[in-house]
Each structure stands twice: as structure tokens, then as C-alpha cells.
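In what follows, a structure is listed as C-alpha cells, so that the remarks can point back to it.
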Amino acid sequence: MGRVSVPPPSRPAVARHGWAQAVGAVLAALVVMGVVAALGLWAAGAADIPDNAFPRVVAATVITAVGGTVELSGNAGELAESDVGLSVIPLSVTLVGALVLAGGFLRPLRHRAVAGAGELAGWAARIAVLWLVALTALSFAARQTFSLSLSDLGEDALGDLGDLLGISPRVGFTTDVPATLFFGLLWLAGVLILALLVSRGAPLPGGLLRFQESVRPAAYAMVALLLAWVVLGVVIALVVAATRGHAAETLAVILLGLPNLVWLALTLGLGATWNGRVDGPFGLPMPHVLDEVLRGREVADLNLGTLAEHDGRVWWLLVVDAVLLSAAAFVMARRSPARIRSWQHAVHLAVALALTVLMICLVGRISAHYGLSVLGIGDLGGDLGGELFLRAEVGGAVGLALLWGLVAGFLGGLLARRARHRGEAVARGPG
């Protein structure tokens, strides 16, 4: 009898995503984030920052993009006092980093149906360790102090007084390392979990397979909705740059804060209200109608009604939201098993949209202030200072998202009935 050959045992699945693959995923994400941040800051004019501090500003931008904490400080000497603060997340940098990191995390797991919890945890732990090391290095690199001229603040008399007394205000930034590592790790966990939820081909532990029918289609639909708004924003920004100029400003907005604007527009189209104020030298990027609504008031309401007083075209946000959300609901229903009923689609989309809007409200907040007082001339919040803040009325925004999700999810389920669902049985005739 011939001998039966037995194939050699295959290498463990975990070997396909070891330390080398983890290094590649983390480095790719950081390099892409650094490039996008550098180009955006260059377009915004930050390349002229003194003391060769541009790389440190790029590092600080990457830190804030992943939820890290960069603290600003002001020092004007014994004869003056200053106050400065800034809190904003450059969501363009955040988005590209999340997409690249999610792709690197999922790539070794593709073509798999099921993966053990231990295997997934080990693969995520490798990335997390390297991610924390990289964030620690960036945190110590993101530190710098700048000197300001009082004349540059728009007050000639105060500038002359500052030169006479030798007053040179200094503004610096540093990183809160423990807070940066904590929030950076939370950001990483969110990206990896969302990647597993969105990808249809990513394996899940056996105990979680029963949740994929309700969670994965809704998560995919929400990511598609957010990306559709970003693509639409890029197209509009490029058209504006081509027809009205301001190419550098437009490029800076695209590379640093486009999701901040378009996801704000998404919530406004749903009927949400944001509260804000713009005062002093600060300002919001395009469209300038935002600045017109918020400037000169103690606290202004930003919604479709107040925006329409300055530009009636904002009502198109309502139409765009209705179209894109209906498309997302249809996609969700098509990716769901045929046995899911329309009312279940409505509940799934309502919960997913509410969580998405809650995320936008939390990460889309902006706060900035600067104040300076020299020998009692000016004050920390007066002519020599400025303030900008923007925050959502979270309860109302989430409630409206639930309502929109219920309606759109139900309609999407009805529309999908006319199409062939995944897994739907096809009737056969005799024979």
C-alpha cells in the first residue's frame, strides 16, 4: 500500500499578525497623520512659526487628533498677565489616521470567518503597546514656547509701552502625557472596535456572532454616511476654491478641519442647535456665514433658522440629510438578513444615528480664548483678547437623531423589500 502523505501543520493564525505587522500598521497611521497635518498647517501659514518649531506644532496637532491633551500657557512678565487656551480636534487628521490604522488592523484578519477572543485581544494588544510608545515620544516632542510682539496685537500705543518696559509676552504649549496616553488609548480602542463592527469580512469571536446581524449593517451605514458628507464637502470646497479663490485657506480647511464643518452641517440638517460665540481676532473657517451668526453676541444659537437669516441656501442641508440618510437606511437594510422586519430596521438605524450624532457633538466642540493686560491697559477678556466657542445642545440633537433614524430606517426597510436581500431564498418552480 502507498503511504498517505500528511500535510505539515499550518502555522498558528496569530503568526500572520505579529509584531512586524503591528509596527507597520502604527507607523503607517502616524506617517499619514503627520503628512496631512503638516500640509494643512503649511497651507494655513504655520510654516513661518519662529524657532524652527513647525515640527513640534505638527506633533501637537497629531496629539490632539487622537484625543490627546495639549496645554497652552502664557507669560507676560511681572508687569503684565496673560491667559490663553485652545481646545479643538482636527478631525481631518483624525479621520485619515483612523482609516489607515483600521485597515492595518483588519488586513491580517481578512478571509476569516471566526477568530478567538484571545487571538483578537493579542493582536490588538500588540498595536496598543506600540501606539502608547509612539504617543509618548510625540508627547515629549510637542513642546514649544513663542514670543509675541504687543504691536502685532493691533495696539500701537501698547506696543510702544511694551518696548519701553521690555515686556515680551510668551505663549507656549506642552502635552499632558498621562491624559494623552489615556485618551489616545481610548481612541485606539474605539477605532479597532468600530473596524470590527463595520467590516463584513472581519472575524468575530463565536460568542459575538449573534450580534452581527443587527450591529454590523447599522455601523457600516453610519460610517458610509459620515464619509459621504466628507466627500461632498471636499467637492464643494474645491469648487469654491476654483471659482472664488482662497486656495490656501481652502486647502488648510480640507486637510485640518473639513469633518468638523461637514459633520456640523449634518447635525444642523437634522434640526440640531449649537451654541457659540466669536469675539476678537478669532474666526471660524468657511463658510463665513457661521462667523456672521456667532460674532458680536454673548451666546448665539446656530441652527437652520438663524443661518437662513443670512443665507437661505442652508435649507438645502435638510434635503441633503434626507437623501443621504435614506440611502444609508437602504444600504443597511440590504446588508441585513431578509428576515429583519422594517420596524427592526427603524430601531437599529435610530440607535446608530443617535450614537453617531452624540459622537459628533462631543468631538466637534471648539473652545479658544486669549487675553492680555499690561499695567491695567486692556483686560484678559477685552480689546486685547478674544474668545471662540461652539458646543451642541446634546439632548436635543440626540433626540432629533432618534426620530430621523426611526423614520428613515423604516422607509429603508420598506424600499429594500423590493430588492433581493442577502440570504433571501428564491422560489423555484416544479423540477
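Residues are named by chain letter and number: chains run A, B, ... in the order of the C-alpha cells, numbers start at 1 in each chain, and ligands are numbered from 1 in the order shown.
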Residue contacts of Gly67 in chain A (8 Å, only C-alpha atoms) excluding same-chain residues fewer than 4 positions away, as a PyMOL selection string: chain A and resi 63+89+180+183-184+187
Produce a file of the selected residues containing all heavy atoms, as a short mmCIF file (atom, residue, chain, number, x, y, z; two decimals), in the first residue's frame.
```
data_model
loop_
_atom_site.label_atom_id
_atom_site.label_comp_id
_atom_site.auth_asym_id
_atom_site.auth_seq_id
_atom_site.Cartn_x
_atom_site.Cartn_y
_atom_site.Cartn_z
N ILE A 63 -1.21 64.86 18.16
CA ILE A 63 -1.63 64.51 19.52
C ILE A 63 -3.10 64.86 19.75
O ILE A 63 -3.89 64.06 20.26
CB ILE A 63 -0.73 65.22 20.55
CG1 ILE A 63 0.66 64.58 20.58
CG2 ILE A 63 -1.36 65.18 21.94
CD1 ILE A 63 0.70 63.19 21.13
N ILE A 89 -10.31 69.56 17.99
CA ILE A 89 -9.79 68.33 17.40
C ILE A 89 -9.76 68.49 15.88
O ILE A 89 -10.82 68.71 15.28
CB ILE A 89 -10.65 67.12 17.79
CG1 ILE A 89 -10.67 66.94 19.30
CG2 ILE A 89 -10.12 65.84 17.13
CD1 ILE A 89 -11.56 65.80 19.77
N THR A 180 -2.87 62.31 27.70
CA THR A 180 -2.72 61.97 26.29
C THR A 180 -2.69 60.46 26.09
O THR A 180 -3.33 59.93 25.17
CB THR A 180 -1.43 62.59 25.73
OG1 THR A 180 -1.57 64.02 25.75
CG2 THR A 180 -1.18 62.12 24.30
N PHE A 183 -6.42 59.05 26.84
CA PHE A 183 -7.40 59.32 25.79
C PHE A 183 -6.94 58.77 24.44
O PHE A 183 -7.77 58.37 23.61
CB PHE A 183 -7.67 60.82 25.68
CG PHE A 183 -8.45 61.37 26.85
CD1 PHE A 183 -7.85 62.19 27.77
CD2 PHE A 183 -9.79 61.04 27.01
CE1 PHE A 183 -8.57 62.70 28.85
CE2 PHE A 183 -10.52 61.54 28.08
CZ PHE A 183 -9.91 62.36 29.00
N GLY A 184 -5.64 58.74 24.22
CA GLY A 184 -5.13 58.13 22.99
C GLY A 184 -5.43 56.65 22.93
O GLY A 184 -5.73 56.10 21.86
N TRP A 187 -9.09 56.27 22.16
CA TRP A 187 -9.30 56.50 20.73
C TRP A 187 -8.93 55.26 19.93
O TRP A 187 -9.67 54.85 19.02
CB TRP A 187 -8.46 57.70 20.28
CG TRP A 187 -8.58 58.03 18.83
CD1 TRP A 187 -9.52 58.83 18.26
CD2 TRP A 187 -7.74 57.57 17.77
NE1 TRP A 187 -9.31 58.91 16.90
CE2 TRP A 187 -8.23 58.14 16.57
CE3 TRP A 187 -6.62 56.74 17.71
CZ2 TRP A 187 -7.64 57.90 15.33
CZ3 TRP A 187 -6.03 56.49 16.48
CH2 TRP A 187 -6.54 57.08 15.31
#
```
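A straight line drawn from CA of Ile360 in chain A to CA of Val235 in chain A is 21.2 Å long.
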Among A:Gly276, A:Pro178, A:Gly190, A:Gly34, Ala300 in chain A is approached most closely, using only C-alpha atoms, by A:Gly276
From CA of Leu138 in chain A to CA of Pro55 in chain A the spacing works out at 10.4 Å
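In this structure, CA of Thr61 in chain A sits 9.0 Å away from CA of Met33 in chain A.
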Within 12 Å of Asp311 in chain A using only C-alpha atoms, minus same-chain residues under 4 positions, as a list of chain:residue names: A:Pro287, A:His288, A:Val289, A:Leu290, A:Glu292, A:Val293, A:Asn303, A:Leu304, A:Gly305, A:Thr306, A:Leu307, A:Trp315, A:Trp316, A:Leu317
Keeping C-alpha atoms, export the residues of the selection given above as a compact mmCIF listing (two decimals), in the first residue's frame.
```txt
# COMPACT_ATOMS: atom_id res chain seq x y z
CA PRO A 287 -18.41 79.24 5.19
CA HIS A 288 -18.24 82.74 6.64
CA VAL A 289 -21.95 82.68 7.44
CA LEU A 290 -21.01 80.81 10.62
CA GLU A 292 -21.70 86.18 10.88
CA VAL A 293 -24.19 84.33 13.09
CA ASN A 303 -29.31 76.33 13.65
CA LEU A 304 -31.10 76.30 10.31
CA GLY A 305 -33.30 79.22 11.31
CA THR A 306 -30.51 81.60 12.37
CA LEU A 307 -28.34 80.60 9.41
CA TRP A 315 -32.18 74.85 3.85
CA TRP A 316 -30.52 72.54 1.34
CA LEU A 317 -28.86 70.87 4.34
```
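The smallest atom-to-atom distance between Pro203 in chain A and any of A:Trp263, A:Trp404, A:Trp42, A:Phe105, using only C-alpha atoms, is found for A:Phe105.
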